[in-house]
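Here is the file input_25.cif (mmCIF, C-alpha atoms).
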```cif
data_target
loop_
_atom_site.group_PDB
_atom_site.id
_atom_site.type_symbol
_atom_site.label_atom_id
_atom_site.label_comp_id
_atom_site.auth_asym_id
_atom_site.auth_seq_id
_atom_site.Cartn_x
_atom_site.Cartn_y
_atom_site.Cartn_z
ATOM 1 C CA MET A 1 0.000 0.000 0.000
ATOM 2 C CA THR A 2 1.340 3.428 -0.883
ATOM 3 C CA GLY A 3 0.787 6.691 0.956
ATOM 4 C CA PRO A 4 -1.034 9.722 -0.345
ATOM 5 C CA THR A 5 0.264 11.398 -3.491
ATOM 6 C CA PRO A 6 2.771 14.165 -2.734
ATOM 7 C CA LEU A 7 1.068 17.551 -2.978
ATOM 8 C CA LEU A 8 2.389 20.796 -4.428
ATOM 9 C CA VAL A 9 0.760 23.954 -3.057
ATOM 10 C CA VAL A 10 1.317 27.093 -5.123
ATOM 11 C CA GLY A 11 0.127 30.409 -3.821
ATOM 12 C CA ASP A 12 0.403 33.446 -1.643
ATOM 13 C CA ALA A 13 1.495 32.940 1.953
ATOM 14 C CA LEU A 14 0.313 35.211 4.742
ATOM 15 C CA LEU A 15 0.802 35.360 8.482
ATOM 16 C CA ASP A 16 -2.401 35.250 10.524
ATOM 17 C CA HIS A 17 -2.664 36.578 14.067
ATOM 18 C CA ASP A 18 -5.665 36.299 16.365
ATOM 19 C CA LEU A 19 -5.874 38.581 19.377
ATOM 20 C CA CYS A 20 -8.626 36.968 21.461
ATOM 21 C CA GLY A 21 -10.146 38.417 24.597
ATOM 22 C CA ARG A 22 -13.362 39.509 26.249
ATOM 23 C CA ALA A 23 -15.393 42.661 25.789
ATOM 24 C CA ASP A 24 -18.088 43.568 28.262
ATOM 25 C CA ARG A 25 -18.231 47.330 27.860
ATOM 26 C CA LEU A 26 -17.850 50.081 25.297
ATOM 27 C CA ALA A 27 -15.089 52.664 25.371
ATOM 28 C CA PRO A 28 -16.145 55.971 26.946
ATOM 29 C CA ASP A 29 -14.606 57.978 24.097
ATOM 30 C CA ALA A 30 -16.023 56.017 21.126
ATOM 31 C CA PRO A 31 -18.724 53.404 20.469
ATOM 32 C CA VAL A 32 -16.234 50.524 20.242
ATOM 33 C CA PRO A 33 -15.795 47.462 22.439
ATOM 34 C CA VAL A 34 -12.953 47.435 24.960
ATOM 35 C CA VAL A 35 -11.183 44.077 24.570
ATOM 36 C CA HIS A 36 -9.260 42.942 27.637
ATOM 37 C CA GLY A 37 -7.379 39.842 28.706
ATOM 38 C CA ALA A 38 -6.334 39.355 25.082
ATOM 39 C CA ARG A 39 -4.067 36.490 24.091
ATOM 40 C CA LEU A 40 -2.159 36.519 20.793
ATOM 41 C CA THR A 41 -1.845 33.387 18.649
ATOM 42 C CA SER A 42 -0.135 33.168 15.260
ATOM 43 C CA ARG A 43 -0.356 30.644 12.445
ATOM 44 C CA PRO A 44 0.558 30.341 8.791
ATOM 45 C CA GLY A 45 -2.076 31.900 6.551
ATOM 46 C CA GLY A 46 -3.175 31.720 2.935
ATOM 47 C CA ALA A 47 -1.282 29.121 0.898
ATOM 48 C CA ALA A 48 0.993 28.448 3.883
ATOM 49 C CA LEU A 49 -2.026 27.366 5.955
ATOM 50 C CA ALA A 50 -3.251 25.102 3.144
ATOM 51 C CA ALA A 51 0.186 23.452 2.951
ATOM 52 C CA TYR A 52 0.460 23.157 6.737
ATOM 53 C CA LEU A 53 -2.931 21.471 7.057
ATOM 54 C CA ALA A 54 -2.304 19.157 4.093
ATOM 55 C CA ALA A 55 0.931 17.989 5.753
ATOM 56 C CA ALA A 56 -0.782 17.314 9.097
ATOM 57 C CA ASP A 57 -1.481 13.679 8.210
ATOM 58 C CA GLY A 58 2.105 13.033 7.132
ATOM 59 C CA ARG A 59 1.586 13.749 3.439
ATOM 60 C CA GLU A 60 4.656 15.042 1.605
ATOM 61 C CA VAL A 61 3.906 18.712 0.809
ATOM 62 C CA THR A 62 5.922 21.276 -1.100
ATOM 63 C CA LEU A 63 4.912 24.935 -0.904
ATOM 64 C CA VAL A 64 5.858 27.334 -3.697
ATOM 65 C CA THR A 65 5.450 30.847 -2.328
ATOM 66 C CA ALA A 66 7.229 34.087 -1.476
ATOM 67 C CA LEU A 67 8.172 34.704 2.154
ATOM 68 C CA GLY A 68 10.996 37.217 2.070
ATOM 69 C CA ASP A 69 13.512 37.768 4.820
ATOM 70 C CA ASP A 70 11.610 40.089 7.147
ATOM 71 C CA GLU A 71 10.291 39.136 10.580
ATOM 72 C CA THR A 72 6.917 38.103 9.141
ATOM 73 C CA GLY A 73 8.521 35.755 6.609
ATOM 74 C CA ARG A 74 10.831 34.285 9.254
ATOM 75 C CA THR A 75 7.829 33.668 11.517
ATOM 76 C CA VAL A 76 5.932 31.781 8.774
ATOM 77 C CA ARG A 77 9.076 29.747 8.037
ATOM 78 C CA ARG A 78 9.408 28.877 11.753
ATOM 79 C CA LEU A 79 5.712 27.936 12.061
ATOM 80 C CA LEU A 80 5.936 25.629 9.035
ATOM 81 C CA GLY A 81 9.058 24.001 10.470
ATOM 82 C CA ASP A 82 10.195 20.926 8.606
ATOM 83 C CA ARG A 83 6.615 19.815 8.031
ATOM 84 C CA VAL A 84 6.525 21.490 4.588
ATOM 85 C CA ARG A 85 9.276 21.734 1.962
ATOM 86 C CA LEU A 86 9.643 25.332 0.743
ATOM 87 C CA VAL A 87 10.425 26.507 -2.766
ATOM 88 C CA GLU A 88 10.694 30.245 -2.437
ATOM 89 C CA LEU A 89 9.798 32.890 -4.972
ATOM 90 C CA PRO A 90 11.193 36.437 -4.828
ATOM 91 C CA ILE A 91 9.019 39.049 -3.130
ATOM 92 C CA ALA A 92 8.857 42.808 -3.594
ATOM 93 C CA GLY A 93 7.762 44.408 -0.339
ATOM 94 C CA ARG A 94 6.878 42.851 2.998
ATOM 95 C CA LEU A 95 5.000 39.599 3.454
ATOM 96 C CA PRO A 96 1.350 40.394 4.246
ATOM 97 C CA SER A 97 -0.069 39.684 7.669
ATOM 98 C CA LYS A 98 -3.501 40.114 9.140
ATOM 99 C CA THR A 99 -4.512 40.469 12.743
ATOM 100 C CA ARG A 100 -8.047 39.727 13.854
ATOM 101 C CA VAL A 101 -9.149 41.243 17.142
ATOM 102 C CA MET A 102 -11.769 38.910 18.598
ATOM 103 C CA ALA A 103 -14.120 39.369 21.540
ATOM 104 C CA GLN A 104 -15.929 36.253 22.781
ATOM 105 C CA GLY A 105 -14.939 34.549 19.525
ATOM 106 C CA VAL A 106 -16.474 37.262 17.325
ATOM 107 C CA PRO A 107 -14.242 39.426 15.112
ATOM 108 C CA VAL A 108 -14.519 43.105 16.001
ATOM 109 C CA LEU A 109 -11.607 44.428 13.941
ATOM 110 C CA ARG A 110 -9.062 43.293 11.363
ATOM 111 C CA LEU A 111 -5.697 44.958 10.822
ATOM 112 C CA ASP A 112 -3.776 44.264 7.606
ATOM 113 C CA ASP A 113 -0.071 44.928 7.158
ATOM 114 C CA GLY A 114 2.423 44.246 4.383
ATOM 115 C CA ASP A 115 2.174 44.983 0.698
ATOM 116 C CA GLY A 116 4.405 42.242 -0.710
ATOM 117 C CA ARG A 117 3.855 40.772 -4.141
ATOM 118 C CA VAL A 118 5.658 37.958 -5.900
ATOM 119 C CA SER A 119 8.163 39.565 -8.242
ATOM 120 C CA GLY A 120 9.058 36.631 -10.499
ATOM 121 C CA ALA A 121 9.368 32.885 -10.927
ATOM 122 C CA THR A 122 12.431 30.725 -10.379
ATOM 123 C CA GLU A 123 13.621 27.674 -12.286
ATOM 124 C CA GLU A 124 13.215 25.626 -9.103
ATOM 125 C CA ALA A 125 9.551 26.711 -8.859
ATOM 126 C CA ARG A 126 8.876 25.919 -12.527
ATOM 127 C CA ALA A 127 10.516 22.495 -12.127
ATOM 128 C CA ALA A 128 8.440 21.755 -9.001
ATOM 129 C CA VAL A 129 5.218 22.533 -10.895
ATOM 130 C CA ASP A 130 6.310 20.486 -13.917
ATOM 131 C CA ALA A 131 7.106 17.463 -11.708
ATOM 132 C CA ALA A 132 3.958 17.633 -9.574
ATOM 133 C CA ARG A 133 1.296 14.925 -9.680
ATOM 134 C CA ALA A 134 -1.175 16.843 -7.476
ATOM 135 C CA VAL A 135 -1.396 20.656 -7.339
ATOM 136 C CA LEU A 136 -3.423 22.959 -5.106
ATOM 137 C CA VAL A 137 -3.460 26.652 -6.061
ATOM 138 C CA ALA A 138 -4.225 29.061 -3.206
ATOM 139 C CA ASP A 139 -4.411 32.419 -4.978
ATOM 140 C CA TYR A 140 -4.783 35.485 -2.754
ATOM 141 C CA GLY A 141 -3.987 37.995 -5.502
ATOM 142 C CA ARG A 142 -0.343 38.513 -4.530
ATOM 143 C CA GLY A 143 1.167 37.095 -7.725
ATOM 144 C CA ALA A 144 2.349 33.536 -7.040
ATOM 145 C CA ALA A 145 -0.192 31.948 -9.365
ATOM 146 C CA ASP A 146 0.303 34.683 -11.973
ATOM 147 C CA VAL A 147 4.065 34.174 -12.366
ATOM 148 C CA LEU A 148 3.585 30.400 -12.715
ATOM 149 C CA ARG A 149 0.468 30.482 -14.906
ATOM 150 C CA GLY A 150 2.183 28.777 -17.861
ATOM 151 C CA PRO A 151 3.558 25.788 -15.941
ATOM 152 C CA LEU A 152 0.337 25.530 -13.900
ATOM 153 C CA THR A 153 -1.738 25.383 -17.084
ATOM 154 C CA ARG A 154 0.354 22.428 -18.266
ATOM 155 C CA ALA A 155 0.311 20.622 -14.880
#
```
Mind converting the file's structure to structure tokens?
Amino acid sequence: MTGPTPLLVVGDALLDHDLCGRADRLAPDAPVPVVHGARLTSRPGGAALAAYLAAADGREVTLVTALGDDETGRTVRRLLGDRVRLVELPIAGRLPSKTRVMAQGVPVLRLDDGDGRVSGATEEARAAVDAARAVLVADYGRGAADVLRGPLTRA
């Protein structure tokens, strides 16, 4: 018996943060909830989350994405660990992140940061797509799928 087919995930990685707490009153200076006792959790987002979850059952997963070398990219790399093989694309700008502020499990605010876009394809990325037997595209409009459209169309 063989294991699951290795999976190639192509797409735009993000870093997701959730700031979860309680809100039981409104601020005196504005009609907004006051969130207290908040706890921050972080996880891979976008294509990185898809790859992370696909690898959870031991499946061999390769992620083709742009992470960059800023703190956000390093955090996603650390969260993925050795669970997912990375094939990195170049990025122009900072890797996007989003922070959801939650009160009693309900989002009350989302903060987005980072404007990074994939700035090109690499031979290693093209070869990974060409060799893939199963491909998942997680396109968040940041360019990973665009720069590999030709090889993805043939895959």
Practice item. Rank A:Pro31, A:Met102, A:Arg117, A:Thr62 by their smallest atom-to-atom distance to Ala131 of chain A, using all atoms listed in the file, and report the top residue only. Key: A:Thr62
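For the pair atom CA of Glu124 of chain A and atom CA of Asp16 of chain A, the separation is 26.9 Å.
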Practice item. Using only C-alpha atoms, find the one residue out of A:Ser42, A:Ala138, A:Val9, A:Val35 that sits nearest to Leu79 of chain A. Key: A:Ser42
Pull out every residue that the PyMOL selection byres ((chain A and resi 142) around 9) matches in the shown coordinates and put them as a PDB file with C-alpha atoms, in the coordinates of the input.
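Done, and the output landed in part36.pdb:
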```pdb
ATOM      1  CA  GLY A  11       0.127  30.409  -3.821  1.00  0.00           C
ATOM      2  CA  ASP A  12       0.403  33.446  -1.643  1.00  0.00           C
ATOM      3  CA  ALA A  13       1.495  32.940   1.953  1.00  0.00           C
ATOM      4  CA  ASP A 115       2.174  44.983   0.698  1.00  0.00           C
ATOM      5  CA  GLY A 116       4.405  42.242  -0.710  1.00  0.00           C
ATOM      6  CA  ARG A 117       3.855  40.772  -4.141  1.00  0.00           C
ATOM      7  CA  VAL A 118       5.658  37.958  -5.900  1.00  0.00           C
ATOM      8  CA  ASP A 139      -4.411  32.419  -4.978  1.00  0.00           C
ATOM      9  CA  TYR A 140      -4.783  35.485  -2.754  1.00  0.00           C
ATOM     10  CA  GLY A 141      -3.987  37.995  -5.502  1.00  0.00           C
ATOM     11  CA  GLY A 143       1.167  37.095  -7.725  1.00  0.00           C
ATOM     12  CA  ALA A 144       2.349  33.536  -7.040  1.00  0.00           C
ATOM     13  CA  ALA A 145      -0.192  31.948  -9.365  1.00  0.00           C
ATOM     14  CA  ASP A 146       0.303  34.683 -11.973  1.00  0.00           C
TER      15      ASP A 146
END
```
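Proximity to Val34 of chain A was assessed for A:Ala103, A:Leu19, A:Leu8, A:Leu89 counting all atoms listed in the file; the smallest distance is recorded for A:Ala103.
Every protein, DNA or RNA residue with an atom at most 8 Å from segment 69-72 of chain A, where all atoms listed in the file count and chain neighbours fewer than 4 positions away do not, is listed here: Leu15, Val76, Arg94, Leu95, Pro96 and Ser97 of chain A.
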If I only have part of segment 122-145 of chain A, can you fill in N, CA and C atoms and write it as a PDB file, in the frame of the given file?
```
ATOM      1  N   THR A 122      11.083  31.296 -10.363  1.00  0.00           N
ATOM      2  CA  THR A 122      12.431  30.725 -10.379  1.00  0.00           C
ATOM      3  C   THR A 122      12.387  29.410 -11.150  1.00  0.00           C
ATOM      4  N   GLU A 123      13.549  28.967 -11.601  1.00  0.00           N
ATOM      5  CA  GLU A 123      13.621  27.674 -12.286  1.00  0.00           C
ATOM      6  C   GLU A 123      13.205  26.548 -11.358  1.00  0.00           C
ATOM      7  N   GLU A 124      13.587  26.659 -10.068  1.00  0.00           N
ATOM      8  CA  GLU A 124      13.215  25.626  -9.103  1.00  0.00           C
ATOM      9  C   GLU A 124      11.690  25.547  -8.962  1.00  0.00           C
ATOM     10  N   ALA A 125      11.011  26.692  -8.963  1.00  0.00           N
ATOM     11  CA  ALA A 125       9.551  26.711  -8.859  1.00  0.00           C
ATOM     12  C   ALA A 125       8.915  26.106 -10.108  1.00  0.00           C
ATOM     13  N   ARG A 126       9.421  26.484 -11.276  1.00  0.00           N
ATOM     14  CA  ARG A 126       8.876  25.919 -12.527  1.00  0.00           C
ATOM     15  C   ARG A 126       9.061  24.404 -12.563  1.00  0.00           C
ATOM     16  N   ALA A 127      10.237  23.937 -12.140  1.00  0.00           N
ATOM     17  CA  ALA A 127      10.516  22.495 -12.127  1.00  0.00           C
ATOM     18  C   ALA A 127       9.605  21.767 -11.146  1.00  0.00           C
ATOM     19  N   ALA A 128       9.326  22.377  -9.986  1.00  0.00           N
ATOM     20  CA  ALA A 128       8.440  21.755  -9.001  1.00  0.00           C
ATOM     21  C   ALA A 128       7.032  21.595  -9.577  1.00  0.00           C
ATOM     22  N   VAL A 129       6.557  22.617 -10.285  1.00  0.00           N
ATOM     23  CA  VAL A 129       5.218  22.533 -10.895  1.00  0.00           C
ATOM     24  C   VAL A 129       5.214  21.467 -11.984  1.00  0.00           C
ATOM     25  N   ASP A 130       6.245  21.462 -12.823  1.00  0.00           N
ATOM     26  CA  ASP A 130       6.310  20.486 -13.917  1.00  0.00           C
ATOM     27  C   ASP A 130       6.331  19.047 -13.404  1.00  0.00           C
ATOM     28  N   ALA A 131       6.962  18.820 -12.245  1.00  0.00           N
ATOM     29  CA  ALA A 131       7.106  17.463 -11.708  1.00  0.00           C
ATOM     30  C   ALA A 131       5.919  17.024 -10.851  1.00  0.00           C
ATOM     31  N   ALA A 132       5.037  17.931 -10.516  1.00  0.00           N
ATOM     32  CA  ALA A 132       3.958  17.633  -9.574  1.00  0.00           C
ATOM     33  C   ALA A 132       2.913  16.693 -10.156  1.00  0.00           C
ATOM     34  N   ARG A 133       2.402  15.813  -9.305  1.00  0.00           N
ATOM     35  CA  ARG A 133       1.296  14.925  -9.680  1.00  0.00           C
ATOM     36  C   ARG A 133      -0.025  15.420  -9.118  1.00  0.00           C
ATOM     37  N   ALA A 134       0.032  16.253  -8.068  1.00  0.00           N
ATOM     38  CA  ALA A 134      -1.175  16.843  -7.476  1.00  0.00           C
ATOM     39  C   ALA A 134      -0.843  18.280  -7.096  1.00  0.00           C
ATOM     40  N   VAL A 135      -1.664  19.235  -7.560  1.00  0.00           N
ATOM     41  CA  VAL A 135      -1.396  20.656  -7.339  1.00  0.00           C
ATOM     42  C   VAL A 135      -2.627  21.315  -6.733  1.00  0.00           C
ATOM     43  N   LEU A 136      -2.389  22.114  -5.700  1.00  0.00           N
ATOM     44  CA  LEU A 136      -3.423  22.959  -5.106  1.00  0.00           C
ATOM     45  C   LEU A 136      -2.963  24.405  -5.270  1.00  0.00           C
ATOM     46  N   VAL A 137      -3.785  25.238  -5.902  1.00  0.00           N
ATOM     47  CA  VAL A 137      -3.460  26.652  -6.061  1.00  0.00           C
ATOM     48  C   VAL A 137      -4.283  27.441  -5.047  1.00  0.00           C
ATOM     49  N   ALA A 138      -3.579  28.209  -4.212  1.00  0.00           N
ATOM     50  CA  ALA A 138      -4.225  29.061  -3.206  1.00  0.00           C
ATOM     51  C   ALA A 138      -3.869  30.498  -3.555  1.00  0.00           C
ATOM     52  N   ASP A 139      -4.691  31.100  -4.408  1.00  0.00           N
ATOM     53  CA  ASP A 139      -4.411  32.419  -4.978  1.00  0.00           C
ATOM     54  C   ASP A 139      -5.089  33.511  -4.162  1.00  0.00           C
ATOM     55  N   TYR A 140      -4.272  34.361  -3.537  1.00  0.00           N
ATOM     56  CA  TYR A 140      -4.783  35.485  -2.754  1.00  0.00           C
ATOM     57  C   TYR A 140      -4.468  36.818  -3.429  1.00  0.00           C
ATOM     58  N   GLY A 141      -4.193  36.773  -4.741  1.00  0.00           N
ATOM     59  CA  GLY A 141      -3.987  37.995  -5.502  1.00  0.00           C
ATOM     60  C   GLY A 141      -2.649  38.673  -5.283  1.00  0.00           C
ATOM     61  N   ARG A 142      -1.662  37.933  -4.792  1.00  0.00           N
ATOM     62  CA  ARG A 142      -0.343  38.513  -4.530  1.00  0.00           C
ATOM     63  C   ARG A 142       0.708  38.058  -5.539  1.00  0.00           C
ATOM     64  N   GLY A 143       0.298  37.345  -6.591  1.00  0.00           N
ATOM     65  CA  GLY A 143       1.167  37.095  -7.725  1.00  0.00           C
ATOM     66  C   GLY A 143       1.779  35.725  -7.892  1.00  0.00           C
ATOM     67  N   ALA A 144       1.707  34.846  -6.903  1.00  0.00           N
ATOM     68  CA  ALA A 144       2.349  33.536  -7.040  1.00  0.00           C
ATOM     69  C   ALA A 144       1.754  32.735  -8.196  1.00  0.00           C
ATOM     70  N   ALA A 145       0.446  32.697  -8.279  1.00  0.00           N
ATOM     71  CA  ALA A 145      -0.192  31.948  -9.365  1.00  0.00           C
ATOM     72  C   ALA A 145       0.053  32.625 -10.707  1.00  0.00           C
TER      73      ALA A 145
END
```
